[in-house]
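As structure tokens, the structure follows; a few thoughts come after it.
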Amino acid sequence: MTHLEPALKQEINTLINESMAVFSLENPTPGLSILLRAWELLPDDKQDSDEGYMLSKYIIHVYFRTGDFVNAALWQDTFTRCDQATRNTGESEFMAGKIAFAQGNMEAAKSFFSIANRKSEGRCFTKDDKQYKALLDKKEIRPTEFKALLDLSFKEFDAKNYSYALSLLYDCLNLQLMSPVVYLQKGKCHFELNELDHAADALTRAFMLEGLDVFKHEDPKYIAFLKTRIDIS
């Protein structure tokens, strides 16, 4: 990743703030002009810096929000290069899907949304994105309810997709913070990923919430591991 010289970094950030201060949907030209000026100040490897990512993101969002889908599409390749060089979490694919959707290309939109969904583990979609999410196959859509999240985490664990199962369990904790089953599953995922300190922490929480009963139907290796970390009498 490219790190800008402090003076240039400060100049870019100042221009971004100036753009935000004057931007309006009714008259986007002044704010957009400032962003484009900031973009030109970046060194040749624009896509390799955080500032390149932020500027390309702001520019393409301005074009999209003002309905200029032609220029949004022209900037899509630039935003994709910046995103993949510094983030690669599906944000550029999600924007590409939105542009394709707005232009009536549903096949391309579905493809982009599917990639974005996979890269972001479903987090790219908000409650206001129902029209985009509807293009996905049902099996691709990340649940939002506690039971559905937990059930899917079990399936992903059984399929040895431990990292994805873990991400689902973190969403579970956002909905129910004191669930011993969630902490148990979280500990098991960390254990299988060889993240043993995190495994010990989660399994300890499960034990404290429900005692030994929480391990009753589990592989004995988990309680055996926990006994190496805490005193269980």
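Naming works like this for the structure tokens: A, B, ... for the chains as they're shown, residue 1 at the start of each chain, ligands 1 onward in shown order.
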Extract, using only C-alpha atoms, all DNA, RNA and protein residues at most 10 Å from range 65-69 of chain A, discarding same-chain residues fewer than 5 positions from it, and format them as a short mmCIF file (atom, residue, chain, number, x, y, z; two decimals) with N, CA and C atoms, in the first residue's frame.
data_model
loop_
_atom_site.label_atom_id
_atom_site.label_comp_id
_atom_site.auth_asym_id
_atom_site.auth_seq_id
_atom_site.Cartn_x
_atom_site.Cartn_y
_atom_site.Cartn_z
N SER A 24 -24.25 19.20 -2.67
CA SER A 24 -25.71 19.05 -2.60
C SER A 24 -26.16 18.29 -3.83
N LEU A 25 -27.22 17.52 -3.70
CA LEU A 25 -27.75 16.75 -4.82
C LEU A 25 -28.31 17.67 -5.90
N GLU A 26 -28.81 18.83 -5.48
CA GLU A 26 -29.40 19.76 -6.45
C GLU A 26 -28.32 20.37 -7.34
N ASN A 27 -27.13 20.60 -6.78
CA ASN A 27 -26.03 21.17 -7.56
C ASN A 27 -24.73 20.48 -7.17
N PRO A 28 -24.49 19.28 -7.71
CA PRO A 28 -23.33 18.50 -7.29
C PRO A 28 -22.00 18.96 -7.90
N ILE A 60 -17.61 8.10 -7.43
CA ILE A 60 -18.60 7.22 -8.06
C ILE A 60 -19.96 7.32 -7.36
N LEU A 74 -18.22 4.60 -15.94
CA LEU A 74 -16.85 4.91 -16.38
C LEU A 74 -15.86 4.86 -15.22
N TRP A 75 -16.31 5.22 -14.05
CA TRP A 75 -15.45 5.22 -12.86
C TRP A 75 -15.41 3.86 -12.17
N LYS A 98 -25.23 -2.19 -8.40
CA LYS A 98 -26.21 -1.11 -8.35
C LYS A 98 -26.29 -0.36 -9.68
N ILE A 99 -25.12 -0.14 -10.28
CA ILE A 99 -25.09 0.55 -11.57
C ILE A 99 -25.76 -0.31 -12.64
N ALA A 100 -25.41 -1.59 -12.67
CA ALA A 100 -26.02 -2.49 -13.65
C ALA A 100 -27.53 -2.56 -13.45
N ALA A 102 -29.46 -0.23 -12.15
CA ALA A 102 -30.05 1.04 -12.60
C ALA A 102 -30.13 1.12 -14.11
N GLN A 103 -29.21 0.45 -14.80
CA GLN A 103 -29.20 0.46 -16.26
C GLN A 103 -30.03 -0.67 -16.86
#
query = When DSSP works through the backbone of this structure, what residues of range 77-215 of chain A end up as helix (DSSP H, G or I), shown as a PyMOL selection string?
reply = chain A and resi 77-86+91-102+106-120+130-133+138-140+146-158+162-175+180-192+196-215
inquiry  = To one decimal place in Å, what is the distance between CA of Ser56 in chain A and CA of Leu135 in chain A?
reply    =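 The value is 26.2 Å.
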ask   = If you count only C-alpha atoms, which residues fall within 12 Å of Thr14 in chain A, apart from same-chain ones fewer than 6 positions away, as a list in words?
value =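 Result of the neighbour search: Ala7, Leu8, Met20, Ala21, Ile34, Leu35, Arg37, Ala38 and Glu51 of chain A.
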Please write the residues from the selection above to a file, keeping C-alpha atoms, as a PDB file, in the first residue's frame.
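Saved result, selection38.pdb, follows:
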ATOM      1  CA  ALA A   7       1.690  17.354   3.369  1.00  0.00           C
ATOM      2  CA  LEU A   8      -0.098  15.767   0.402  1.00  0.00           C
ATOM      3  CA  MET A  20     -18.445  17.634   1.709  1.00  0.00           C
ATOM      4  CA  ALA A  21     -19.146  21.147   2.937  1.00  0.00           C
ATOM      5  CA  ILE A  34     -13.128  19.493  -5.762  1.00  0.00           C
ATOM      6  CA  LEU A  35     -13.005  15.698  -5.534  1.00  0.00           C
ATOM      7  CA  ARG A  37      -9.044  18.020  -8.342  1.00  0.00           C
ATOM      8  CA  ALA A  38      -7.962  16.003  -5.311  1.00  0.00           C
ATOM      9  CA  GLU A  51      -6.906   8.224  -0.262  1.00  0.00           C
TER      10      GLU A  51
END
request  = Find the residues around Leu152 in chain A up to 12 Å (only C-alpha atoms counted), leave out those fewer than 2 positions away in its own chain, and share them as a list in words.
outcome  =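 After dropping sequence-adjacent residues, the list is Lys139, Glu140, Ile141, Arg142, Pro143, Thr144, Glu145, Phe146, Lys147, Ala148, Leu149, Leu150, Phe154, Lys155, Glu156, Phe157, Asp158, Ala159, Asn161, Tyr162, Tyr164, Ala165, Leu166, Ser167, Leu168, Leu169, Asp171, Cys172 and Gln185 of chain A.
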Pick from A:Gln76, A:Ser179, A:Asn174, A:Ser33 nearest to Leu209 in chain A, counting only C-alpha atoms =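 Among the listed residues, A:Ser179 lies closest to Leu209 in chain A.
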